[in-house]
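For reference, the structure is listed below as structure tokens.
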Amino acid sequence: METIAEILTPQENMIRGQPDENSQLKAGKQTGVHSRLNRLRETKPRFSIERARLFTESFRQSKGEPQVLRWAKALKNVAQHLPLLIEPDDVIVGRGCSFPGRWGLVYPELEAGAIETLAEEALSGQTERYNLSPEDAVELKDQILPFWKEDSYFKKVMEHLPEDTLSVTSRNGDPNQWSGILVPTEATRHSAQWVPDYEKVLRKGFNGLKQEIEQRLQELDSLNWHNRVQKMPFLKAMILTCEAAIVLAHRYAELALTLSEKEKDRQRAKELLQIAEICHQVPENPARTLREAIQSQWFVQLLSRLEQKTGGVISNGRMDQYLYPYYKNDLEEGRITESEAQELFEHLWLNMANYVEMYAAGTGADFTEGYAHWETVTIGGKTVDGQDASNELSHLLLKSKREFPLNFPDLGARIHSQAPDRFLYDICNTIKQGTGSPKLINDEEIIPYYLSIGADASEANDYAVSGCAEARLMNRETYFRGISLINLGAVIEMTLNNGRIQLFENQRFGPETGDPGKFESWDQFFGAFRRQLVNLLMHMMTVRYISDTLAPQYLAAPLLSLLNDTCRNACMDLHTGNVPGGLHRSEFDFIGYATAIDSLLAVKKLVFEEKRLTMEELITALKDNFEGHEPIRHLCLNAPKYGNNDEESNRIGQAVERIGVEFCHQYPLFNGGRMHVRYIPITSHIALGFMVGATPNGRKANTYLSEGTSPSQGANTEGLGAVLLSNAATKCNRFNERSARLLNVKLVPATVEGDSGTRKLMSLVKTWMDLKLWHIQFNIVNQSTLLAAKADPEQYRDLIVRVAGYNAYFTDLSQDLQDEIIERAAYEF
């Protein structure tokens with residue numbers, strides 16, 4: 001029973017019918033952008049096969065040509081023939097399909113087998129999350145997939161894996177059934193998250209870029225074999241890519257002109273004429289106004305989706321930097337007002353929201369619940385010369401996030417020690433709305449990180465937030481393979497069971513490290529844990545090497561390569577992974593970090609130091625899922641836990657990270673770069689927890705693991721400050737091979753009420769920044785609201801929460817993920 005009245009966030013007030021007086025919706029502002037918003041969630045996302053059809057058609061005609069050239073020809077074929085649609089209230093035009101509503105794409109060149117299964121499910125009426133029409137399913141099975149079935153990237157990677165690696169990544173040797181112990185996502189997407197250099201297109205236009213490339217092509221010595229084999233095909237592919245962008249925009253211009261002639265509403269006819277004029281100008285030519293710049297930017301986003309499936313979707317880069325000159329100039333010349341500019345951005349947000357990254361394989365959907373999205377818009381940070389970069393557009397984007405009730409875009413604010421209090425105050429007020437935005441990224445950690453791995457200061461200062469909590473140097477990084485996930489909960493179980501997993505009938509996935517009952521010391525036990533983890537790291541690097549060496553034969557990214565200075569200068573596609581002058585780094589994820597720390601510490605304390613349990617007693621209780629062993633579970637639950645700034649748990653946490661960091665330092669990638677330890681679960685900690693039996697921290701079998709670098713759910717007893725200190729203390733700074741640490745924090749709304757609450761939140765953010773932690777994000781919501789939303793999803797269908805690097809509607813999440821969010825500790829400070 002609650003003893004004090006709740007303080008509701010603005011989001012909670014809106015949902016309960018008591019909107020804040022500054023809300024656009026309460027004010028009755030119903031513009032075209034709001035009618036689009038009202039329709040958005042009424043449609044179930046639908047797969048479009050139009051890109052797959054046109055892509056396949058082109059590839060059938062280009063056999064034997066260089067892969068980058070084939071890809072560019074296919075992209076141009078899509079641009080020339082993709083059926084177009086302009087909806088009645090579209091302002092920023094462009095979509096990858098011909099039907100209204102939310103849409104996603106299939107990429108048969110990646111995983112034809114999984115798409116065939118999806119088509120069969122559609123024909124039998126078994127699809128739940130997405131729509132795929134029976135007609136499209138038949139076309140996929142009969143006409144499109146046969147071309148790719150034997151040559152999809154996923155199939156080729158799996159075929160080349162050594163048998164022992166395949167036995168670790170899959171169940172019973174079936175590559176389509178992931179084990180959940182080591183999850184190699186490299187072959188299920190073209191790349192990891194990425195950020196294109198949009199400013200190139202805004203300043204030069206694709207025609208300007210095309211002219212530069214044509215000049216370079218003319219200057220090449222055509223007798224040089226290297227030029228003929230590598231550089232000429234690359235440059236020709238770049239020219240075709242520029243032409244693809246131009247022809248797609250021109251087709252939209254012609255469609256808008258045709259629609260304007262038929263339109264009876266004078267205002268809409270005028271809007272369509274303006275759309276036609278804009279699409280004739282951009283992205284072919286430099287943008288002259290904010291609206292042209294936004295339209296041009298969206299065409300780049302759209303083309304990137306048509307080009308490839310980028311893990312985490314293509315991010316938006318430093319939007320408050322490259323769009324600010326257009327915004328400022330339009331305001332000064334009276335072409336636009338602040339509210340009109342805000343509405344333009346909101347049309348862009350809706351375009352992003354209409355695209356859903358959809359997965360043919362069910363496992364992908366399990367790892368990305370709630371239609372996960374990471375199209376991060378970066379605001380703030382530093383200029384290339386190290387000064388504060390926040391400006392009036394930064395504040396407008398925050399205002400849009402506060403006022404527009406949509407979980408798009410994913411907004412990421414860069415924070416540094418010189419950030420103005422006004423900017424930080426505006427950020428904290430936006431966080432207090434309760435929708436989980438923006439997430440915060442720490443310049444004081446990330447800029448030194450980039451300097452340490454070879455970037456110069458101007459490059460490091462100009463990084464953009466990418467994906468969940470990652471970062472990118474748009475013109476220096478040239479390596480973007482997808483990542484693998486390592487299930488630390490499974491490592492604990494294999495340590496306790498001599499390499500075996502109970503769920504899979506005690507199948508052995510790891511080395512036989514001995515009977516733990518015969519270990520005489522903690523050091524022996526931790527040594528067995530180390531062997532199990534190193535074994536998975538070895539297999540992870542094996543998957544990566546095979547993925548890297550096969551990628552240039554099966555993949556290409558002419559658009560993203562065109563917009564990367566290093567690739568363009570070297571005349572090499574991003575998928576080669578070894579571009580001279582590029583910064584080669586990649587990542588993998590540890591999943592269940594706190595679960596592992598707490599389990600290791602429980603074994604250390606209860607078995608080896610305090611001797612309150614024998615190893616046999618503990619293992620028996622775990623195999624029985626603690627049923628009939630409640631006193632043992634009580635001991636496990638009450639053992640020390642990570643997140644309370646306990647010195648011993650901090651040491652174990654650092655030791656776990658050190659295993660990964662040292663391995664990555666010792667064993668480089670094929671291109672000389674390094675893998676980096678990362679902690680970004682998305683929602684995989686839910687699905688991977690189902691694969692793991694009971695663990696010594698008191699967690700029951702087949703339940704979720706801890707997420708990111710947050711404490712285990714409900715394990716913190718010493719407050720939020722201890723969480724931050726534990727996070728800082730567990731970083732292994734011995735080598736550079738560590739990167740993003742995702743940290744979720746749930747706050748009680750009453751603790752940040754009013755101006756004083758905003759100031760308290762600012763102080764908390766400054767403490768986080770001073771500790772040099774990579775990332776932090778906030779859920780500010782009452783527990784009663786989450787419980788009510790779970791019980792009455794229709795009433796709370798618009799409740800937005802922060803999940804893991806992205807926002808989602810709470811009612812779109814599985815019950816397990818809802819429970820996990822509910823059980824996260826809610827802090828007061």
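Letters A, B, ... go to the chains of the structure tokens in the order shown; residues in each chain start at 1; ligands are counted from 1 in the same order.
Non-sequential neighbours of Trp148 of chain A (distance at most 12 Å, separation of 5 or more positions within a chain, only C-alpha atoms) are Ala52, Arg53, Phe55, Thr56, Glu57, Phe59, Arg60, Tyr107, Pro108, Glu109, Leu110, Glu111, Ala112, Gly113, Ala114, Ile115, Glu116, Leu140, Lys141, Asp142, Gln143, Tyr153, Phe154, Lys155, Lys156 and Tyr554 of chain A.
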Residues of segment 473-492 of chain A within 7 Å of segment 559-579 of chain A: nearest atom pair and distance (Å, one decimal) for each, counting only C-alpha atoms, sorted by chain and number, as CSV?
```
residue,atom,partner,partner_atom,distance
A:Met474,CA,A:Asn564,CA,6.5
A:Asn475,CA,A:Asn564,CA,4.7
A:Arg476,CA,A:Thr566,CA,6.0
A:Thr478,CA,A:Leu574,CA,5.7
A:Tyr479,CA,A:Gly577,CA,4.9
```
Exercise for review: Just the residues within 12 Å of Gln230 of chain A, please, counting only C-alpha atoms, with nothing from its chain fewer than 3 positions along; format it as a ChimeraX atom specification.
Suggested key: /A:65-69,217,220,222,224-227,233-237,568,570-573,576
Study note, to complete from the structure: Counting only C-alpha atoms, closest pick from A:Gly434, A:Gly96, A:Pro196, A:Gly125 relative to Leu82 of chain A is A:Gly96
Check your understanding: Which residues in segment 259-357 of chain A does DSSP call alpha helix (DSSP H)? List them as a PyMOL selection string.
Key -> chain A and resi 259-262+266-281+290-307+319-322+324-332+338-354
Point to revise | Shell of 12 Å around Asn354 of chain A, only C-alpha atoms, local chain residues under 5 positions omitted, as a count of residues only | key: 34
**Study point:** Within 8 Å of segment 633-648 of chain A using only C-alpha atoms, minus same-chain residues under 5 positions, as number ranges by chain
**Key:** A: 594, 597-598, 601-602, 605-606, 621, 626, 653, 696-699, 710-712, 715-719, 722-727
